[in-house]
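For reference, entry.txt is printed below; it contains compact mmCIF, C-alpha atoms.
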```txt
# COMPACT_ATOMS: atom_id res chain seq x y z
CA MET A 1 37.79 58.24 -226.08
CA ASP A 2 34.91 55.99 -224.96
CA SER A 3 31.87 57.65 -223.42
CA PRO A 4 30.50 56.63 -219.99
CA ILE A 5 27.43 55.21 -221.76
CA SER A 6 29.54 52.80 -223.80
CA HIS A 7 31.31 51.67 -220.63
CA GLN A 8 27.95 50.97 -218.99
CA GLU A 9 26.75 49.04 -222.06
CA ASN A 10 29.92 46.92 -222.00
CA ALA A 11 29.42 46.24 -218.30
CA VAL A 12 25.81 45.19 -218.86
CA SER A 13 26.75 42.95 -221.79
CA GLY A 14 29.50 41.38 -219.68
CA LYS A 15 27.02 40.57 -216.94
CA THR A 16 24.65 39.10 -219.51
CA GLN A 17 27.40 36.88 -220.90
CA MET A 18 28.24 35.65 -217.39
CA ALA A 19 24.62 34.64 -216.69
CA PHE A 20 23.82 30.93 -216.78
CA THR A 21 20.95 29.32 -218.64
CA THR A 22 19.02 26.20 -217.71
CA LYS A 23 20.68 24.33 -220.58
CA GLN A 24 24.15 25.22 -219.29
CA MET A 25 23.22 24.15 -215.76
CA SER A 26 21.78 20.89 -217.08
CA LEU A 27 24.96 20.23 -219.04
CA ILE A 28 27.13 20.82 -215.96
CA VAL A 29 25.02 18.51 -213.79
CA ALA A 30 24.91 15.79 -216.45
CA THR A 31 28.65 16.00 -217.19
CA PHE A 32 29.77 15.70 -213.59
CA GLY A 33 27.15 13.04 -212.89
CA VAL A 34 28.46 10.91 -215.76
CA LEU A 35 32.07 11.48 -214.66
CA SER A 36 31.19 10.38 -211.12
CA PHE A 37 29.55 7.26 -212.53
CA ILE A 38 32.52 6.41 -214.79
CA PHE A 39 35.15 6.86 -212.07
CA GLY A 40 33.07 4.89 -209.58
CA VAL A 41 32.67 1.95 -211.96
CA ILE A 42 36.38 1.95 -212.80
CA ALA A 43 37.25 2.09 -209.09
CA GLU A 44 35.04 -0.96 -208.47
CA ASN A 45 36.61 -2.89 -211.34
CA LYS A 46 40.17 -2.01 -210.27
CA LYS A 47 39.67 -2.98 -206.62
CA PRO A 48 41.40 -6.29 -205.82
CA PRO A 49 39.34 -8.93 -204.01
CA SER A 50 42.01 -9.21 -201.28
CA GLY A 51 45.62 -8.50 -200.51
CA THR A 52 48.53 -10.94 -200.34
CA PRO A 53 49.48 -11.95 -196.77
CA ILE A 54 53.21 -12.07 -196.03
CA THR A 55 53.99 -13.82 -192.73
CA GLY A 56 56.68 -12.23 -190.61
CA LYS A 57 57.84 -12.71 -187.03
CA GLY A 58 54.59 -12.66 -185.08
CA VAL A 59 52.88 -10.44 -187.63
CA VAL A 60 51.27 -10.61 -191.04
CA ILE A 61 52.00 -7.89 -193.56
CA CYS A 62 49.33 -7.43 -196.20
CA LYS A 63 50.64 -6.45 -199.59
CA TYR A 64 48.16 -4.84 -201.94
CA PRO A 65 48.67 -4.25 -205.66
CA SER A 66 49.28 -0.65 -206.67
CA ASP A 67 45.95 0.32 -208.24
CA PRO A 68 44.07 3.65 -208.40
CA THR A 69 41.00 2.46 -206.49
CA VAL A 70 41.29 4.96 -203.64
CA ALA A 71 42.07 7.92 -205.92
CA LEU A 72 39.23 7.01 -208.28
CA GLY A 73 36.84 6.60 -205.36
CA TYR A 74 37.61 10.09 -204.07
CA LEU A 75 37.32 11.53 -207.59
CA SER A 76 33.94 9.89 -208.06
CA PHE A 77 32.79 11.35 -204.74
CA ALA A 78 34.12 14.82 -205.66
CA PHE A 79 32.30 14.81 -209.00
CA LEU A 80 29.12 13.71 -207.21
CA VAL A 81 29.44 16.69 -204.84
CA VAL A 82 29.93 19.12 -207.74
CA ALA A 83 26.95 17.68 -209.64
CA SER A 84 24.72 17.77 -206.54
CA VAL A 85 25.69 21.31 -205.48
CA THR A 86 25.22 22.56 -209.03
CA GLY A 87 21.89 20.73 -209.30
CA PHE A 88 20.69 22.25 -206.03
CA LEU A 89 21.78 25.80 -206.91
CA SER A 90 20.35 25.52 -210.43
CA LEU A 91 16.85 25.17 -209.01
CA PHE A 92 16.93 28.60 -207.34
CA TYR A 93 19.24 30.47 -209.71
CA PRO A 94 17.77 33.79 -210.98
CA TYR A 95 17.71 33.05 -214.71
CA LYS A 96 17.55 36.18 -216.89
CA GLY A 97 17.87 38.19 -213.69
CA LYS A 98 14.46 37.05 -212.43
CA SER A 99 14.19 35.24 -209.13
CA ILE A 100 11.18 33.28 -207.96
CA PRO A 101 10.10 32.82 -204.32
CA GLN A 102 10.99 29.37 -203.02
CA ALA A 103 7.45 29.01 -201.71
CA ALA A 104 6.18 29.18 -205.29
CA LEU A 105 8.46 26.29 -206.26
CA PHE A 106 7.52 24.11 -203.31
CA GLN A 107 3.83 24.50 -204.08
CA ASN A 108 4.46 22.19 -207.03
CA THR A 109 3.97 18.63 -205.71
CA SER A 110 5.99 16.97 -208.50
CA PHE A 111 8.90 19.33 -207.87
CA VAL A 112 8.87 18.57 -204.13
CA VAL A 113 8.88 14.82 -204.80
CA PHE A 114 11.82 14.87 -207.23
CA PHE A 115 13.69 17.44 -205.14
CA ASN A 116 13.56 15.13 -202.11
CA ILE A 117 14.45 12.08 -204.21
CA ALA A 118 17.45 13.94 -205.68
CA LEU A 119 18.63 14.92 -202.19
CA GLY A 120 18.14 11.39 -200.87
CA THR A 121 19.92 9.66 -203.73
CA ALA A 122 22.78 12.17 -203.54
CA GLY A 123 23.26 11.40 -199.85
CA LEU A 124 23.05 7.64 -200.45
CA ALA A 125 25.53 7.83 -203.33
CA ALA A 126 27.92 9.88 -201.19
CA ALA A 127 27.82 7.24 -198.45
CA LEU A 128 28.25 4.33 -200.88
CA LEU A 129 31.25 6.00 -202.55
CA LEU A 130 32.99 7.54 -199.56
CA TRP A 131 32.67 4.72 -197.03
CA PRO A 132 34.37 1.92 -199.04
CA THR A 133 37.01 4.38 -200.28
CA ILE A 134 37.96 5.32 -196.71
CA VAL A 135 37.89 1.65 -195.66
CA GLU A 136 40.10 0.69 -198.59
CA GLN A 137 42.55 3.45 -197.73
CA GLY A 138 42.61 2.24 -194.13
CA HIS A 139 43.38 -1.33 -195.16
CA ARG A 140 46.34 -0.16 -197.22
CA SER A 141 47.76 2.26 -194.67
CA LYS A 142 47.39 -0.16 -191.72
CA ASN A 143 48.64 -3.31 -193.40
CA VAL A 144 50.52 -4.84 -190.46
CA HIS A 145 48.37 -7.25 -188.45
CA HIS A 146 49.14 -9.23 -185.31
CA ASN A 147 46.36 -11.65 -186.14
CA LEU A 148 48.22 -14.38 -188.02
CA GLU A 149 44.97 -15.66 -189.54
CA THR A 150 44.06 -12.40 -191.27
CA SER A 151 42.99 -12.71 -194.89
CA CYS A 152 44.09 -9.18 -195.91
CA PRO A 153 40.59 -7.95 -196.72
CA THR A 154 39.61 -5.04 -198.92
CA ALA A 155 36.49 -2.88 -198.92
CA LYS A 156 33.25 -4.73 -199.47
CA THR A 157 32.77 -5.62 -203.12
CA GLY A 158 29.91 -3.91 -204.93
CA LEU A 159 29.61 -0.75 -202.83
CA LEU A 160 31.63 1.47 -205.16
CA GLY A 161 29.78 0.17 -208.20
CA GLY A 162 26.44 0.63 -206.50
CA GLY A 163 27.43 4.14 -205.45
CA ALA A 164 28.37 4.94 -209.05
CA PHE A 165 24.94 3.93 -210.32
CA VAL A 166 23.13 5.82 -207.54
CA SER A 167 25.30 8.87 -208.32
CA LEU A 168 24.14 8.75 -211.94
CA ASP A 169 20.53 8.38 -210.78
CA SER A 170 20.97 11.40 -208.53
CA ALA A 171 22.14 13.53 -211.46
CA LEU A 172 19.12 12.43 -213.49
CA PHE A 173 16.77 13.35 -210.64
CA TRP A 174 18.40 16.79 -210.36
CA LEU A 175 17.76 17.28 -214.08
CA VAL A 176 14.11 16.30 -213.71
CA ALA A 177 13.77 18.66 -210.73
CA LEU A 178 15.37 21.44 -212.78
CA MET A 179 12.89 20.84 -215.61
CA LEU A 180 9.96 20.99 -213.18
CA ALA A 181 11.40 24.12 -211.56
CA ASP A 182 11.70 25.74 -214.97
CA ASN A 183 8.06 24.96 -215.71
CA ALA A 184 6.99 26.32 -212.30
CA ARG A 185 9.05 29.45 -212.95
CA GLU A 186 7.33 30.05 -216.29
CA ASP A 187 3.89 29.55 -214.74
CA TYR A 188 4.74 31.91 -211.88
CA PHE A 189 5.86 34.77 -214.12
CA GLU A 190 2.94 34.19 -216.48
CA GLU A 191 0.46 34.42 -213.61
CA LYS A 192 2.33 37.40 -212.18
CA GLY A 193 2.18 39.15 -215.54
CA VAL A 194 -1.59 38.60 -215.77
CA THR A 195 -2.08 39.84 -212.19
CA ASP A 196 0.01 42.95 -212.80
CA LYS A 197 -1.94 43.69 -216.00
CA VAL A 198 -5.26 43.36 -214.17
CA GLU A 199 -4.05 45.67 -211.41
CA LEU A 200 -2.77 48.18 -213.96
CA ASP A 201 -6.08 48.12 -215.84
CA GLY A 202 -7.88 48.69 -212.55
CA VAL A 203 -5.70 51.67 -211.74
CA LEU A 204 -6.21 53.17 -215.21
CA ALA A 205 -9.96 52.60 -215.02
CA SER A 206 -10.20 54.35 -211.67
```

Show how you would write the structure in this file as C-alpha cells.
Amino acid sequence: MDSPISHQENAVSGKTQMAFTTKQMSLIVATFGVLSFIFGVIAENKKPPSGTPITGKGVVICKYPSDPTVALGYLSFAFLVVASVTGFLSLFYPYKGKSIPQAALFQNTSFVVFFNIALGTAGLAAALLLWPTIVEQGHRSKNVHHNLETSCPTAKTGLLGGGAFVSLDSALFWLVALMLADNAREDYFEEKGVTDKVELDGVLAS
C-alpha cells in the first residue's frame, strides 16, 4: 500500500512534467508560425485570378473552380492566432514555478520594442489573411449578379501571400521577445538573489 508521502511525490512530479520550458514554448510558436505561412502561401497560389461568367436571363452567374483557397485562408489565420496567443502567454509564463512582475519586463527597452512589433505584425497579418478570405468566400456564395458586365472577380491578388509572410515575421518577433524576456527574467532573479542575501547578512549581523 502506497504511503501518503509517495502520493505527494507523484503529484509533485506530475506537476513538474506538465510545466513548460522556454524551448517548448519557442517550438510551439515557431511550428504554428511556419504552418500559418505555408497554408497562406498555398492559399495564394491556389486562388484563381477570376471566375467564369455564365450569362443567363438578365443575370450573370459566376462559376469558380473548386479549390481550397477559403479553407486554407482560415487555417492560416487560425494557426496565426495560436502562434500569437502562445507567443504572448510565453512571455509571462512562470517558468520553474517562478513568476516575474510585468513591470520588471517592461523596464527592458529592447523587450518593449519587440513586444510591440510582435503585436503589430500579428494584427497586420490577421487582417491580411482574414479580409481576402472573407471576400473570397463572399464572391463564391453570392455568385449571381444582375450586372451583365461583371467580370466575376476574386479577392485581391497578393494579400494572402503578403499575410503569410507577415505571419511568419510575427512568429519570429515573438521568439525574439521571448528570448529578451528570458534574459530579463534571469537578470531579475539574479538581482533579487543578491538583494535577499544582503538583507539576510544585515539581519544576521544585527

### Query
Need the neighbours of (31.4, 19.7, -211.5): which residues are at most 8 Å away, counting all atoms listed in the file, as JSON, numbers by chain?
{"A": [28, 29, 31, 32, 79, 80, 81, 82, 83, 86]}

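Shortest atom-to-atom contact with Phe189 of chain A among A:Lys156, A:His145, A:Lys98, A:His139: A:Lys98, counting only C-alpha atoms.
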
### Task
Using all atoms listed in the file, determine which residues lie at most 10 Å from Thr154 of chain A, disregarding the query and same-chain residues fewer than 2 positions distant; provide the list as a PyMOL selection string.
chain A and resi 47-51+64+132-133+135-140+151-152+156-157

### Task
Rank nothing, just name the residue among A:Ala43, A:Leu72, A:Leu159, A:Leu172 nearest to Ala127 of chain A, using all atoms listed in the file.
A:Leu159

### Exercise: segment 101-105 of chain A partners within 9 Å, all atoms listed in the file, chain neighbours under 3 positions left out, as a count of residues only
11

### Query
So how far away is atom CA of Ile61 of chain A from atom CA of Lys142 of chain A, in Å?
9.2 Å

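Put simply, atom CA of Phe165 of chain A is 13.9 Å away from atom CA of Leu130 of chain A.
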
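In this model, the gap between atom CA of Ser36 of chain A and atom CA of Ser90 of chain A comes to 18.6 Å.
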
### Task
Using all atoms listed in the file, determine which residues lie at most 7 Å from Ser76 of chain A, disregarding the query and same-chain residues fewer than 6 positions distant; provide the list as a PyMOL selection string.
chain A and resi 36-37+39-40

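Comparing the minimum interatomic distances between Phe115 of chain A and each of A:Ile38, A:Cys62, A:Leu89, A:Ala30, counting all atoms listed in the file, we find that A:Leu89 sits nearest.
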
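Here the question is which of A:Val144, A:Leu119, A:Leu35, A:Val41 gets nearest to Val60 of chain A using all atoms listed in the file, and that residue is A:Val144.
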
### Task
Could you give me, as a ChimeraX atom specification, the residues that sit within 10 Å of (20.9, 8.1, -211.2) in the file's coordinates, counting all atoms listed in the file?
/A:33-34,37,118,121-122,125,163-174

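Minimum atom-to-atom distances from A:Tyr74, A:Val176, A:Asp187, A:Leu129 to Asn116 of chain A were compared using only C-alpha atoms, and the lowest value belongs to A:Val176.
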
Show me, as a PDB file with C-alpha atoms, in the coordinates of the input, the residues that have an atom within 8 Å of Thr21 of chain A when counting only C-alpha atoms, minus same-chain residues fewer than 2 positions from it.
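Generated output (around_39.pdb):
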```pdb
ATOM      1  CA  ALA A  19      24.620  34.640-216.690  1.00  0.00           C
ATOM      2  CA  LYS A  23      20.680  24.330-220.580  1.00  0.00           C
ATOM      3  CA  GLN A  24      24.150  25.220-219.290  1.00  0.00           C
ATOM      4  CA  MET A  25      23.220  24.150-215.760  1.00  0.00           C
ATOM      5  CA  TYR A  95      17.710  33.050-214.710  1.00  0.00           C
ATOM      6  CA  LYS A  96      17.550  36.180-216.890  1.00  0.00           C
TER       7      LYS A  96
END
```
